[in-house]
Amino acid sequence: MSRQQVLEAARARITAEHKATFEAEGVVKVSGAVGDDWIERVLEVADKQLREPGKWVSDTNPGASSNRLFTTRYRWQEDPVIGGFVFDSGMAQMAAELMGSSSARFYFDHLLIKEPRTANPTPWHQDIPYWPFMGKQICSSWVSMTPVTVAESSLEFVRGSHSWDAYYAPESFDGSKGFMADFEGEKMPDVEADRASYDIVGFDVEPGDALFFSSWIIHGSPGNAGDHRRVALSTRWLGDDAVWYPHPGCDPIVSDDDTIAVAGEYPADDNRFPLVAA
């Protein structure tokens, strides 16, 4: 198939049932969203990044083959595999369909690796306060490159929390303050301490399965209790109602100095936030 046919097929994969689930629950699983070719290439990138990390890396136990949480971001302009995935995998088209948006602009890529027997959980959090955007049509695509159960650190979500109209203050995952001290929002509830009070849904996934979820939904993942590596690639997508909203506590990697986007307006910056689906 041509590239255009691949992207059209990706958009057509999203059914009315997918859309209804995403709207009601804030998260939906799309099985087999990408094929073996992407899986193999992204796994190669993961191996290389562990050996030769990029600039925007977090690594809890460098060099270890277990008990290690490693993430790397903003690789799309430097790594042809990640860049190709952004533009050619169909994630943008699926995201636009699910968000009910006529378009999807790309924000950033996030490669996440948990080695076997990694104790570190990903704490319960909401994405939107960490990002310099505001809007309801903002989402992530989290594509697993390995088979993963919830016990092996697949994602869990508080179903429907994207519609609570709540905005939680960002905090660093190590328990310290966020990127800046004077952040906005209320304190994140301690979901883990009171799981029975929340409607929690988790997803076991196979390689190529994608979880699409709203930037407003509360989510997290446990440590990796399994014996194999967990690798996933997230891409973040901006829909029609997204506006540029830099604020205290948000990710400082892209700021007013890096974009022509104007605060409070749609981020029509094709260099920094390219239009991938329209």
# chains A, B, ... in the order shown; residues from 1 in each chain; ligands from 1
call {"tool": "residues_around", "arguments": {"residues": "Leu275 in chain A", "least_positions_apart": "2", "cutoff": "12 Å", "atoms": "only C-alpha atoms", "output": "PDB file with N, CA and C atoms, in the first residue's frame"}}
result
ATOM      1  N   VAL A  86       6.083   8.843  13.901  1.00  0.00           N
ATOM      2  CA  VAL A  86       5.197   9.992  14.106  1.00  0.00           C
ATOM      3  C   VAL A  86       4.359  10.271  12.864  1.00  0.00           C
ATOM      4  N   PHE A  87       5.004  10.260  11.704  1.00  0.00           N
ATOM      5  CA  PHE A  87       4.323  10.696  10.491  1.00  0.00           C
ATOM      6  C   PHE A  87       3.668   9.564   9.705  1.00  0.00           C
ATOM      7  N   ALA A  92      -1.594   9.548  14.340  1.00  0.00           N
ATOM      8  CA  ALA A  92      -2.253  10.859  14.272  1.00  0.00           C
ATOM      9  C   ALA A  92      -3.674  10.725  13.757  1.00  0.00           C
ATOM     10  N   GLN A  93      -3.855   9.902  12.727  1.00  0.00           N
ATOM     11  CA  GLN A  93      -5.184   9.731  12.145  1.00  0.00           C
ATOM     12  C   GLN A  93      -6.131   9.071  13.143  1.00  0.00           C
ATOM     13  N   ALA A  96      -6.998  11.655  15.920  1.00  0.00           N
ATOM     14  CA  ALA A  96      -7.965  12.659  15.472  1.00  0.00           C
ATOM     15  C   ALA A  96      -9.377  12.083  15.465  1.00  0.00           C
ATOM     16  N   SER A 102     -10.856  17.430  13.575  1.00  0.00           N
ATOM     17  CA  SER A 102     -10.574  17.386  12.143  1.00  0.00           C
ATOM     18  C   SER A 102      -9.087  17.262  11.862  1.00  0.00           C
ATOM     19  N   SER A 103      -8.262  17.425  12.899  1.00  0.00           N
ATOM     20  CA  SER A 103      -6.814  17.426  12.699  1.00  0.00           C
ATOM     21  C   SER A 103      -6.108  16.911  13.949  1.00  0.00           C
ATOM     22  N   ALA A 104      -4.818  16.608  13.785  1.00  0.00           N
ATOM     23  CA  ALA A 104      -3.971  16.255  14.920  1.00  0.00           C
ATOM     24  C   ALA A 104      -2.574  16.797  14.668  1.00  0.00           C
ATOM     25  N   ARG A 105      -2.129  17.663  15.560  1.00  0.00           N
ATOM     26  CA  ARG A 105      -0.740  18.130  15.561  1.00  0.00           C
ATOM     27  C   ARG A 105       0.053  17.303  16.562  1.00  0.00           C
ATOM     28  N   PHE A 106       1.336  17.135  16.256  1.00  0.00           N
ATOM     29  CA  PHE A 106       2.211  16.346  17.099  1.00  0.00           C
ATOM     30  C   PHE A 106       2.858  17.227  18.160  1.00  0.00           C
ATOM     31  N   TYR A 107       2.893  16.713  19.407  1.00  0.00           N
ATOM     32  CA  TYR A 107       3.571  17.421  20.487  1.00  0.00           C
ATOM     33  C   TYR A 107       4.949  16.810  20.743  1.00  0.00           C
ATOM     34  N   TRP A 237      -0.758  14.086  21.088  1.00  0.00           N
ATOM     35  CA  TRP A 237      -1.472  14.679  19.961  1.00  0.00           C
ATOM     36  C   TRP A 237      -2.382  15.825  20.391  1.00  0.00           C
ATOM     37  N   LEU A 238      -2.392  16.887  19.576  1.00  0.00           N
ATOM     38  CA  LEU A 238      -3.159  18.106  19.833  1.00  0.00           C
ATOM     39  C   LEU A 238      -4.267  18.227  18.805  1.00  0.00           C
ATOM     40  N   GLY A 239      -5.516  18.310  19.278  1.00  0.00           N
ATOM     41  CA  GLY A 239      -6.660  18.444  18.390  1.00  0.00           C
ATOM     42  C   GLY A 239      -7.057  19.885  18.150  1.00  0.00           C
ATOM     43  N   ASP A 240      -8.234  20.049  17.571  1.00  0.00           N
ATOM     44  CA  ASP A 240      -8.682  21.371  17.111  1.00  0.00           C
ATOM     45  C   ASP A 240      -8.791  22.408  18.218  1.00  0.00           C
ATOM     46  N   TYR A 266      -4.517  28.710  19.242  1.00  0.00           N
ATOM     47  CA  TYR A 266      -4.195  27.423  18.630  1.00  0.00           C
ATOM     48  C   TYR A 266      -2.718  27.410  18.206  1.00  0.00           C
ATOM     49  N   PRO A 267      -1.967  26.328  18.513  1.00  0.00           N
ATOM     50  CA  PRO A 267      -0.517  26.298  18.279  1.00  0.00           C
ATOM     51  C   PRO A 267      -0.142  25.975  16.840  1.00  0.00           C
ATOM     52  N   ALA A 268      -0.399  26.902  15.939  1.00  0.00           N
ATOM     53  CA  ALA A 268      -0.146  26.682  14.507  1.00  0.00           C
ATOM     54  C   ALA A 268       1.326  26.918  14.182  1.00  0.00           C
ATOM     55  N   ASP A 269       2.175  26.096  14.763  1.00  0.00           N
ATOM     56  CA  ASP A 269       3.615  26.161  14.536  1.00  0.00           C
ATOM     57  C   ASP A 269       4.034  24.859  13.870  1.00  0.00           C
ATOM     58  N   ASP A 270       4.169  24.891  12.549  1.00  0.00           N
ATOM     59  CA  ASP A 270       4.425  23.663  11.798  1.00  0.00           C
ATOM     60  C   ASP A 270       5.815  23.095  12.032  1.00  0.00           C
ATOM     61  N   ASN A 271       6.736  23.898  12.529  1.00  0.00           N
ATOM     62  CA  ASN A 271       8.076  23.398  12.802  1.00  0.00           C
ATOM     63  C   ASN A 271       8.149  22.689  14.162  1.00  0.00           C
ATOM     64  N   ARG A 272       7.517  23.269  15.162  1.00  0.00           N
ATOM     65  CA  ARG A 272       7.581  22.716  16.507  1.00  0.00           C
ATOM     66  C   ARG A 272       6.455  21.700  16.765  1.00  0.00           C
ATOM     67  N   PHE A 273       5.277  21.981  16.245  1.00  0.00           N
ATOM     68  CA  PHE A 273       4.103  21.112  16.450  1.00  0.00           C
ATOM     69  C   PHE A 273       3.475  20.795  15.085  1.00  0.00           C
ATOM     70  N   ALA A 277      -2.157  15.000  10.824  1.00  0.00           N
ATOM     71  CA  ALA A 277      -3.430  14.545  10.302  1.00  0.00           C
ATOM     72  C   ALA A 277      -4.339  15.739  10.078  1.00  0.00           C
ATOM     73  N   ALA A 278      -4.950  15.814   8.896  1.00  0.00           N
ATOM     74  CA  ALA A 278      -5.839  16.930   8.581  1.00  0.00           C
ATOM     75  C   ALA A 278      -6.902  16.454   7.606  1.00  0.00           C
TER      76      ALA A 278
END
call {"tool": "closest_atom_pairs", "arguments": {"of": "range 208-243 of chain A", "to": "range 152-170 of chain A", "cutoff": "8 Å", "atoms": "only C-alpha atoms", "output": "Markdown table"}}
result
| residue | atom | partner | partner_atom | distance |
| --- | --- | --- | --- | --- |
| A:Ser214 | CA | A:His162 | CA | 6.5 |
| A:Ser215 | CA | A:His162 | CA | 7.6 |
| A:Trp216 | CA | A:His162 | CA | 4.5 |
| A:Ile217 | CA | A:His162 | CA | 4.1 |
| A:Ile218 | CA | A:Val158 | CA | 5.5 |
| A:His219 | CA | A:Phe157 | CA | 4.3 |
| A:Gly220 | CA | A:Glu156 | CA | 5.5 |
| A:Ser221 | CA | A:Leu155 | CA | 4.8 |
| A:Pro222 | CA | A:Ser153 | CA | 5.0 |
| A:Gly223 | CA | A:Ser153 | CA | 5.3 |
| A:Asn224 | CA | A:Glu152 | CA | 4.2 |
| A:Ala225 | CA | A:Glu152 | CA | 5.2 |
| A:Gly226 | CA | A:Glu152 | CA | 5.1 |
| A:Arg230 | CA | A:Ser153 | CA | 7.3 |
call {"tool": "write_last_selection", "arguments": {"atoms": "N, CA and C atoms", "output": "compact mmCIF listing (two decimals), in the first residue's frame"}}
result
# COMPACT_ATOMS: atom_id res chain seq x y z
N SER A 214 -7.13 10.23 27.02
CA SER A 214 -7.23 11.67 27.19
C SER A 214 -6.13 12.19 28.10
N SER A 215 -5.66 13.40 27.82
CA SER A 215 -4.66 14.02 28.68
C SER A 215 -5.22 14.38 30.05
N TRP A 216 -6.54 14.28 30.21
CA TRP A 216 -7.20 14.62 31.47
C TRP A 216 -7.45 13.41 32.35
N ILE A 217 -7.25 12.21 31.86
CA ILE A 217 -7.58 11.03 32.65
C ILE A 217 -6.47 10.73 33.66
N ILE A 218 -6.84 10.29 34.85
CA ILE A 218 -5.87 9.87 35.86
C ILE A 218 -5.39 8.47 35.51
N HIS A 219 -4.07 8.29 35.50
CA HIS A 219 -3.51 6.99 35.14
C HIS A 219 -2.16 6.78 35.81
N GLY A 220 -1.69 5.55 35.79
CA GLY A 220 -0.40 5.19 36.35
C GLY A 220 -0.10 3.75 35.98
N SER A 221 1.00 3.24 36.50
CA SER A 221 1.33 1.83 36.28
C SER A 221 2.19 1.33 37.43
N PRO A 222 2.06 0.05 37.76
CA PRO A 222 2.91 -0.51 38.82
C PRO A 222 4.32 -0.75 38.31
N GLY A 223 5.19 -1.17 39.20
CA GLY A 223 6.51 -1.60 38.76
C GLY A 223 6.42 -2.85 37.90
N ASN A 224 7.51 -3.22 37.29
CA ASN A 224 7.54 -4.41 36.44
C ASN A 224 7.95 -5.62 37.28
N ALA A 225 6.95 -6.43 37.64
CA ALA A 225 7.22 -7.63 38.44
C ALA A 225 7.61 -8.82 37.57
N GLY A 226 7.63 -8.62 36.26
CA GLY A 226 7.90 -9.72 35.35
C GLY A 226 9.38 -9.97 35.12
N ARG A 230 9.77 -4.24 29.54
CA ARG A 230 8.56 -3.57 29.03
C ARG A 230 9.00 -2.35 28.23
call {"tool": "closest_residue", "arguments": {"among": "A:Ser234, A:Gln126, A:Thr60, A:Ser89", "to": "Ser140 in chain A", "atoms": "only C-alpha atoms"}}
result
A:Ser234
call {"tool": "select_by_dssp", "arguments": {"residues": "range 125-157 of chain A", "states": "strand (DSSP E or B)", "output": "PyMOL selection string"}}
result
chain A and resi 125+133-134+138-144+148+156-157
call {"tool": "residues_around", "arguments": {"residues": "Ala210 in chain A", "least_positions_apart": "2", "cutoff": "8 Å", "atoms": "only C-alpha atoms", "output": "PyMOL selection string"}}
result
chain A and resi 29-33+141-144+208+212
call {"tool": "closest_residue", "arguments": {"among": "A:Leu211, A:Ile113, A:Ile82, A:Val27", "to": "Ser65 in chain A", "atoms": "only C-alpha atoms"}}
result
A:Ile113
call {"tool": "atom_distance", "arguments": {"atom1": "CA of Leu111 in chain A", "atom2": "CA of Arg73 in chain A"}}
result
6.3 Å
call {"tool": "closest_residue", "arguments": {"among": "A:Pro132, A:Val201, A:Arg3, A:His228", "to": "Val262 in chain A", "atoms": "only C-alpha atoms"}}
result
A:Pro132
call {"tool": "closest_residue", "arguments": {"among": "A:Asp227, A:Asp241, A:Glu171, A:Asp47", "to": "Ile138 in chain A", "atoms": "only C-alpha atoms"}}
result
A:Asp241
call {"tool": "select_by_dssp", "arguments": {"residues": "range 2-87 of chain A", "states": "alpha helix (DSSP H)", "output": "PyMOL selection string"}}
result
chain A and resi 3-13+16-25+36-51+80-87
